Amino acid sequence: MTELLDQTAGGTRAGNRSLSVMDRVREAILGGAVSAGERLNEVQLSKTLSVSRTPVRAALQALAGEGLLDYAPNRGFTVREFPLPAIVDAYDIRAALEGVAVRFAAERGLPATEREIIERALAAGDKLLERGSFEAGDLTIYRDINGDFHDALLAAAGNRMLSEMIRICHHVPVSSTRNIVVFEYHDVRRRHDDHHRIFEAVMAREPWRAEMLMREHVASIKTSLVGHLSERKTYPSTGLGPAEGGP
């Protein structure tokens, strides 16, 4: 948590500082840097971020309103735990919604800005995978590649309601595009190849093919995740074992 929440520049208004704190804590949760059930200490956060406790408290209250945190008297704020069925549901909904998003993008055409972001993400992924194995720090690189690809396609869809609905799915931390739970080379290779095919379908203005490919892409990630968690007999970011959360 401390490593991810680098010190922020202080603002002149509490509202601005609160937003900065909220963004950083949200990213830590969705990125998997903070575990489910972990208590967030206001004093420690205020020291880490070099802000007073007032914007920290406001940020934590806002994140609780988003459903990412739970609050209990005398215990404070803790990262919310999600059972495996909730994670599976989030992936199923994501598959449908992101499929619609790429269909819209294919129908309307990619704006130059989003096309550049996607091409850069694909090139970075090609470079990352060309070694045939991963090294320390590669997970962070791939997290940005994956997030940029999905975010750019969603932006290209140009639909605010769709964006909000997908954002709700991302509030189940393991389902966020920037929380990479399974980081095995063959899994990432397959996902990145999917990205190329989805991009090609969007550029070819083939909306229904693009939608199908995205649905299959997200569904395959869900299958890989469930298999990985089942093998480990525990579910990171949920705190559940198989008897409580699934097979």
# chains A, B, ... in the order shown; residues from 1 in each chain; ligands from 1
>>> select_by_dssp(residues="range 20-238 of chain A", states="helix (DSSP H, G or I)", output="MDAnalysis selection string")
chainID A and resid 20:30 42:49 53:66 84:108 112:129 138:157 160:170 173:175 185:203 207:232
>>> residues_around(residues="Val102 in chain A", least_positions_apart="2", cutoff="7 Å", atoms="only C-alpha atoms", output="VMD selection string")
chain A and resid 98 to 100 104 to 106 153 157 202 210 to 211
>>> write_last_selection(atoms="all heavy atoms", output="mmCIF file, in the first residue's frame")
data_model
loop_
_atom_site.group_PDB
_atom_site.id
_atom_site.type_symbol
_atom_site.label_atom_id
_atom_site.label_comp_id
_atom_site.auth_asym_id
_atom_site.auth_seq_id
_atom_site.Cartn_x
_atom_site.Cartn_y
_atom_site.Cartn_z
ATOM 1 N N GLU A 98 -18.702 -4.942 -22.317
ATOM 2 C CA GLU A 98 -17.545 -4.590 -23.136
ATOM 3 C C GLU A 98 -17.742 -5.056 -24.566
ATOM 4 O O GLU A 98 -17.189 -4.460 -25.503
ATOM 5 C CB GLU A 98 -16.266 -5.151 -22.528
ATOM 6 C CG GLU A 98 -15.874 -4.473 -21.226
ATOM 7 C CD GLU A 98 -14.422 -4.694 -20.850
ATOM 8 O OE1 GLU A 98 -13.548 -4.614 -21.748
ATOM 9 O OE2 GLU A 98 -14.157 -4.949 -19.668
ATOM 10 N N GLY A 99 -18.516 -6.127 -24.749
ATOM 11 C CA GLY A 99 -18.860 -6.538 -26.105
ATOM 12 C C GLY A 99 -19.653 -5.457 -26.813
ATOM 13 O O GLY A 99 -19.400 -5.125 -27.983
ATOM 14 N N VAL A 100 -20.623 -4.881 -26.120
ATOM 15 C CA VAL A 100 -21.409 -3.782 -26.680
ATOM 16 C C VAL A 100 -20.513 -2.578 -26.959
ATOM 17 O O VAL A 100 -20.654 -1.899 -27.994
ATOM 18 C CB VAL A 100 -22.556 -3.389 -25.729
ATOM 19 C CG1 VAL A 100 -23.271 -2.140 -26.231
ATOM 20 C CG2 VAL A 100 -23.546 -4.542 -25.580
ATOM 21 N N PHE A 104 -20.019 -0.691 -30.583
ATOM 22 C CA PHE A 104 -20.198 0.738 -30.836
ATOM 23 C C PHE A 104 -18.944 1.347 -31.470
ATOM 24 O O PHE A 104 -19.027 2.150 -32.398
ATOM 25 C CB PHE A 104 -20.509 1.470 -29.534
ATOM 26 C CG PHE A 104 -21.904 1.240 -29.010
ATOM 27 C CD1 PHE A 104 -22.267 1.691 -27.752
ATOM 28 C CD2 PHE A 104 -22.850 0.575 -29.769
ATOM 29 C CE1 PHE A 104 -23.548 1.501 -27.261
ATOM 30 C CE2 PHE A 104 -24.136 0.372 -29.285
ATOM 31 C CZ PHE A 104 -24.486 0.834 -28.030
ATOM 32 N N ALA A 105 -17.778 0.962 -30.940
ATOM 33 C CA ALA A 105 -16.519 1.504 -31.465
ATOM 34 C C ALA A 105 -16.330 1.122 -32.923
ATOM 35 O O ALA A 105 -15.870 1.939 -33.740
ATOM 36 C CB ALA A 105 -15.344 1.011 -30.625
ATOM 37 N N ALA A 106 -16.679 -0.113 -33.263
ATOM 38 C CA ALA A 106 -16.536 -0.572 -34.651
ATOM 39 C C ALA A 106 -17.531 0.130 -35.568
ATOM 40 O O ALA A 106 -17.218 0.450 -36.722
ATOM 41 C CB ALA A 106 -16.718 -2.086 -34.722
ATOM 42 N N LEU A 153 -10.867 1.478 -25.858
ATOM 43 C CA LEU A 153 -12.027 0.979 -26.591
ATOM 44 C C LEU A 153 -13.324 1.485 -25.971
ATOM 45 O O LEU A 153 -14.278 1.818 -26.676
ATOM 46 C CB LEU A 153 -12.018 -0.548 -26.618
ATOM 47 C CG LEU A 153 -11.031 -1.186 -27.600
ATOM 48 C CD1 LEU A 153 -11.010 -2.702 -27.430
ATOM 49 C CD2 LEU A 153 -11.399 -0.824 -29.042
ATOM 50 N N ALA A 157 -16.260 3.999 -27.639
ATOM 51 C CA ALA A 157 -17.687 3.696 -27.737
ATOM 52 C C ALA A 157 -18.528 4.951 -27.591
ATOM 53 O O ALA A 157 -19.636 5.041 -28.127
ATOM 54 C CB ALA A 157 -18.077 2.663 -26.679
ATOM 55 N N VAL A 202 -12.369 -4.161 -35.087
ATOM 56 C CA VAL A 202 -12.855 -2.781 -34.936
ATOM 57 C C VAL A 202 -12.404 -1.930 -36.118
ATOM 58 O O VAL A 202 -13.191 -1.168 -36.700
ATOM 59 C CB VAL A 202 -12.365 -2.170 -33.607
ATOM 60 C CG1 VAL A 202 -12.684 -0.678 -33.551
ATOM 61 C CG2 VAL A 202 -13.008 -2.887 -32.421
ATOM 62 N N ALA A 210 -16.430 -8.026 -33.710
ATOM 63 C CA ALA A 210 -15.703 -7.394 -32.610
ATOM 64 C C ALA A 210 -16.383 -7.704 -31.287
ATOM 65 O O ALA A 210 -15.715 -8.020 -30.284
ATOM 66 C CB ALA A 210 -15.628 -5.883 -32.827
ATOM 67 N N GLU A 211 -17.706 -7.618 -31.246
ATOM 68 C CA GLU A 211 -18.439 -7.917 -30.019
ATOM 69 C C GLU A 211 -18.228 -9.362 -29.580
ATOM 70 O O GLU A 211 -17.985 -9.638 -28.399
ATOM 71 C CB GLU A 211 -19.927 -7.647 -30.206
ATOM 72 C CG GLU A 211 -20.749 -7.972 -28.957
ATOM 73 C CD GLU A 211 -22.211 -7.603 -29.087
ATOM 74 O OE1 GLU A 211 -22.623 -7.120 -30.167
ATOM 75 O OE2 GLU A 211 -22.955 -7.803 -28.095
#
>>> closest_residue(among="A:Arg209, A:Arg131, A:Arg160, A:His217", to="Arg190 in chain A", atoms="only C-alpha atoms")
A:His217
>>> residues_around(residues="Thr223 in chain A", least_positions_apart="2", cutoff="12 Å", atoms="only C-alpha atoms", output="list in words")
Ile87, Val88, Tyr91, Asp92, Val182, Asp187, Glu216, His217, Val218, Ala219, Ser220, Ile221, Leu225, Val226, Gly227, His228, Leu229 and Ser230 of chain A
>>> write_last_selection(atoms="N, CA, C and O atoms", output="PDB file, in the first residue's frame")
ATOM      1  N   ILE A  87     -17.639 -12.293  -8.066  1.00  0.00           N
ATOM      2  CA  ILE A  87     -16.575 -12.044  -9.040  1.00  0.00           C
ATOM      3  C   ILE A  87     -16.957 -12.628 -10.391  1.00  0.00           C
ATOM      4  O   ILE A  87     -16.802 -11.985 -11.437  1.00  0.00           O
ATOM      5  N   VAL A  88     -17.494 -13.846 -10.386  1.00  0.00           N
ATOM      6  CA  VAL A  88     -17.924 -14.490 -11.628  1.00  0.00           C
ATOM      7  C   VAL A  88     -19.023 -13.665 -12.292  1.00  0.00           C
ATOM      8  O   VAL A  88     -19.007 -13.447 -13.512  1.00  0.00           O
ATOM      9  N   TYR A  91     -17.604 -10.641 -14.055  1.00  0.00           N
ATOM     10  CA  TYR A  91     -16.984 -10.973 -15.345  1.00  0.00           C
ATOM     11  C   TYR A  91     -18.036 -11.232 -16.414  1.00  0.00           C
ATOM     12  O   TYR A  91     -17.884 -10.813 -17.576  1.00  0.00           O
ATOM     13  N   ASP A  92     -19.104 -11.922 -16.059  1.00  0.00           N
ATOM     14  CA  ASP A  92     -20.162 -12.186 -17.033  1.00  0.00           C
ATOM     15  C   ASP A  92     -20.793 -10.889 -17.524  1.00  0.00           C
ATOM     16  O   ASP A  92     -21.061 -10.719 -18.724  1.00  0.00           O
ATOM     17  N   VAL A 182      -3.924 -13.593 -12.660  1.00  0.00           N
ATOM     18  CA  VAL A 182      -3.211 -14.700 -13.311  1.00  0.00           C
ATOM     19  C   VAL A 182      -2.194 -14.098 -14.275  1.00  0.00           C
ATOM     20  O   VAL A 182      -2.560 -13.548 -15.311  1.00  0.00           O
ATOM     21  N   ASP A 187      -1.054 -17.532 -20.607  1.00  0.00           N
ATOM     22  CA  ASP A 187      -2.326 -16.812 -20.452  1.00  0.00           C
ATOM     23  C   ASP A 187      -2.228 -15.411 -21.050  1.00  0.00           C
ATOM     24  O   ASP A 187      -3.131 -14.958 -21.764  1.00  0.00           O
ATOM     25  N   GLU A 216     -15.828 -13.336 -25.838  1.00  0.00           N
ATOM     26  CA  GLU A 216     -15.028 -14.546 -25.640  1.00  0.00           C
ATOM     27  C   GLU A 216     -13.757 -14.232 -24.866  1.00  0.00           C
ATOM     28  O   GLU A 216     -13.313 -15.031 -24.030  1.00  0.00           O
ATOM     29  N   HIS A 217     -13.182 -13.068 -25.115  1.00  0.00           N
ATOM     30  CA  HIS A 217     -11.951 -12.654 -24.442  1.00  0.00           C
ATOM     31  C   HIS A 217     -12.173 -12.540 -22.932  1.00  0.00           C
ATOM     32  O   HIS A 217     -11.421 -13.120 -22.133  1.00  0.00           O
ATOM     33  N   VAL A 218     -13.194 -11.810 -22.533  1.00  0.00           N
ATOM     34  CA  VAL A 218     -13.464 -11.621 -21.112  1.00  0.00           C
ATOM     35  C   VAL A 218     -13.888 -12.937 -20.466  1.00  0.00           C
ATOM     36  O   VAL A 218     -13.487 -13.246 -19.335  1.00  0.00           O
ATOM     37  N   ALA A 219     -14.664 -13.737 -21.167  1.00  0.00           N
ATOM     38  CA  ALA A 219     -15.090 -15.035 -20.627  1.00  0.00           C
ATOM     39  C   ALA A 219     -13.894 -15.945 -20.402  1.00  0.00           C
ATOM     40  O   ALA A 219     -13.842 -16.695 -19.410  1.00  0.00           O
ATOM     41  N   SER A 220     -12.912 -15.892 -21.292  1.00  0.00           N
ATOM     42  CA  SER A 220     -11.725 -16.752 -21.131  1.00  0.00           C
ATOM     43  C   SER A 220     -10.896 -16.318 -19.927  1.00  0.00           C
ATOM     44  O   SER A 220     -10.296 -17.150 -19.236  1.00  0.00           O
ATOM     45  N   ILE A 221     -10.858 -15.017 -19.646  1.00  0.00           N
ATOM     46  CA  ILE A 221     -10.146 -14.527 -18.464  1.00  0.00           C
ATOM     47  C   ILE A 221     -10.834 -15.044 -17.206  1.00  0.00           C
ATOM     48  O   ILE A 221     -10.184 -15.467 -16.247  1.00  0.00           O
ATOM     49  N   LEU A 225      -9.157 -17.384 -14.400  1.00  0.00           N
ATOM     50  CA  LEU A 225      -9.117 -16.920 -13.013  1.00  0.00           C
ATOM     51  C   LEU A 225      -9.705 -17.958 -12.068  1.00  0.00           C
ATOM     52  O   LEU A 225      -9.104 -18.287 -11.040  1.00  0.00           O
ATOM     53  N   VAL A 226     -10.877 -18.474 -12.403  1.00  0.00           N
ATOM     54  CA  VAL A 226     -11.526 -19.463 -11.537  1.00  0.00           C
ATOM     55  C   VAL A 226     -10.656 -20.710 -11.400  1.00  0.00           C
ATOM     56  O   VAL A 226     -10.491 -21.255 -10.303  1.00  0.00           O
ATOM     57  N   GLY A 227     -10.058 -21.147 -12.507  1.00  0.00           N
ATOM     58  CA  GLY A 227      -9.171 -22.304 -12.440  1.00  0.00           C
ATOM     59  C   GLY A 227      -7.966 -22.052 -11.567  1.00  0.00           C
ATOM     60  O   GLY A 227      -7.563 -22.897 -10.766  1.00  0.00           O
ATOM     61  N   HIS A 228      -7.392 -20.870 -11.692  1.00  0.00           N
ATOM     62  CA  HIS A 228      -6.212 -20.506 -10.898  1.00  0.00           C
ATOM     63  C   HIS A 228      -6.542 -20.470  -9.410  1.00  0.00           C
ATOM     64  O   HIS A 228      -5.805 -21.011  -8.579  1.00  0.00           O
ATOM     65  N   LEU A 229      -7.660 -19.845  -9.076  1.00  0.00           N
ATOM     66  CA  LEU A 229      -8.036 -19.736  -7.672  1.00  0.00           C
ATOM     67  C   LEU A 229      -8.418 -21.084  -7.090  1.00  0.00           C
ATOM     68  O   LEU A 229      -8.156 -21.369  -5.920  1.00  0.00           O
ATOM     69  N   SER A 230      -9.026 -21.927  -7.891  1.00  0.00           N
ATOM     70  CA  SER A 230      -9.398 -23.260  -7.427  1.00  0.00           C
ATOM     71  C   SER A 230      -8.158 -24.099  -7.128  1.00  0.00           C
ATOM     72  O   SER A 230      -8.107 -24.846  -6.153  1.00  0.00           O
TER      73      SER A 230
END
>>> decode(residues="range 102-145 of chain A", atoms="C-alpha atoms", output="compact mmCIF listing (two decimals), in the first residue's frame")
# COMPACT_ATOMS: atom_id res chain seq x y z
CA VAL A 102 -16.48 -2.57 -28.99
CA ARG A 103 -19.52 -2.98 -31.24
CA PHE A 104 -20.20 0.74 -30.84
CA ALA A 105 -16.52 1.50 -31.46
CA ALA A 106 -16.54 -0.57 -34.65
CA GLU A 107 -19.74 1.04 -35.86
CA ARG A 108 -18.56 4.58 -35.20
CA GLY A 109 -14.89 4.16 -36.04
CA LEU A 110 -11.89 4.68 -33.78
CA PRO A 111 -10.96 8.31 -33.08
CA ALA A 112 -7.30 9.08 -33.74
CA THR A 113 -6.46 9.46 -30.05
CA GLU A 114 -7.90 6.08 -29.04
CA ARG A 115 -6.35 4.38 -32.06
CA GLU A 116 -2.93 5.71 -31.08
CA ILE A 117 -3.35 4.48 -27.49
CA ILE A 118 -4.38 1.01 -28.64
CA GLU A 119 -1.58 0.72 -31.20
CA ARG A 120 0.92 1.79 -28.56
CA ALA A 121 -0.48 -0.78 -26.10
CA LEU A 122 -0.32 -3.55 -28.70
CA ALA A 123 3.28 -2.67 -29.61
CA ALA A 124 4.27 -2.60 -25.94
CA GLY A 125 2.63 -6.00 -25.43
CA ASP A 126 4.46 -7.45 -28.43
CA LYS A 127 7.75 -6.23 -26.99
CA LEU A 128 6.95 -7.59 -23.53
CA LEU A 129 6.12 -11.04 -24.88
CA GLU A 130 8.92 -11.41 -27.40
CA ARG A 131 11.35 -12.71 -24.73
CA GLY A 132 9.18 -15.76 -24.12
CA SER A 133 9.18 -15.29 -20.34
CA PHE A 134 8.59 -12.63 -17.71
CA GLU A 135 10.93 -10.77 -15.39
CA ALA A 136 10.45 -8.73 -12.23
CA GLY A 137 8.44 -5.61 -12.97
CA ASP A 138 6.70 -7.03 -16.03
CA LEU A 139 3.39 -7.36 -14.18
CA THR A 140 3.25 -3.60 -13.67
CA ILE A 141 3.99 -3.02 -17.35
CA TYR A 142 1.29 -5.44 -18.47
CA ARG A 143 -1.24 -3.99 -16.05
CA ASP A 144 -0.93 -0.64 -17.82
CA ILE A 145 -1.00 -2.23 -21.28
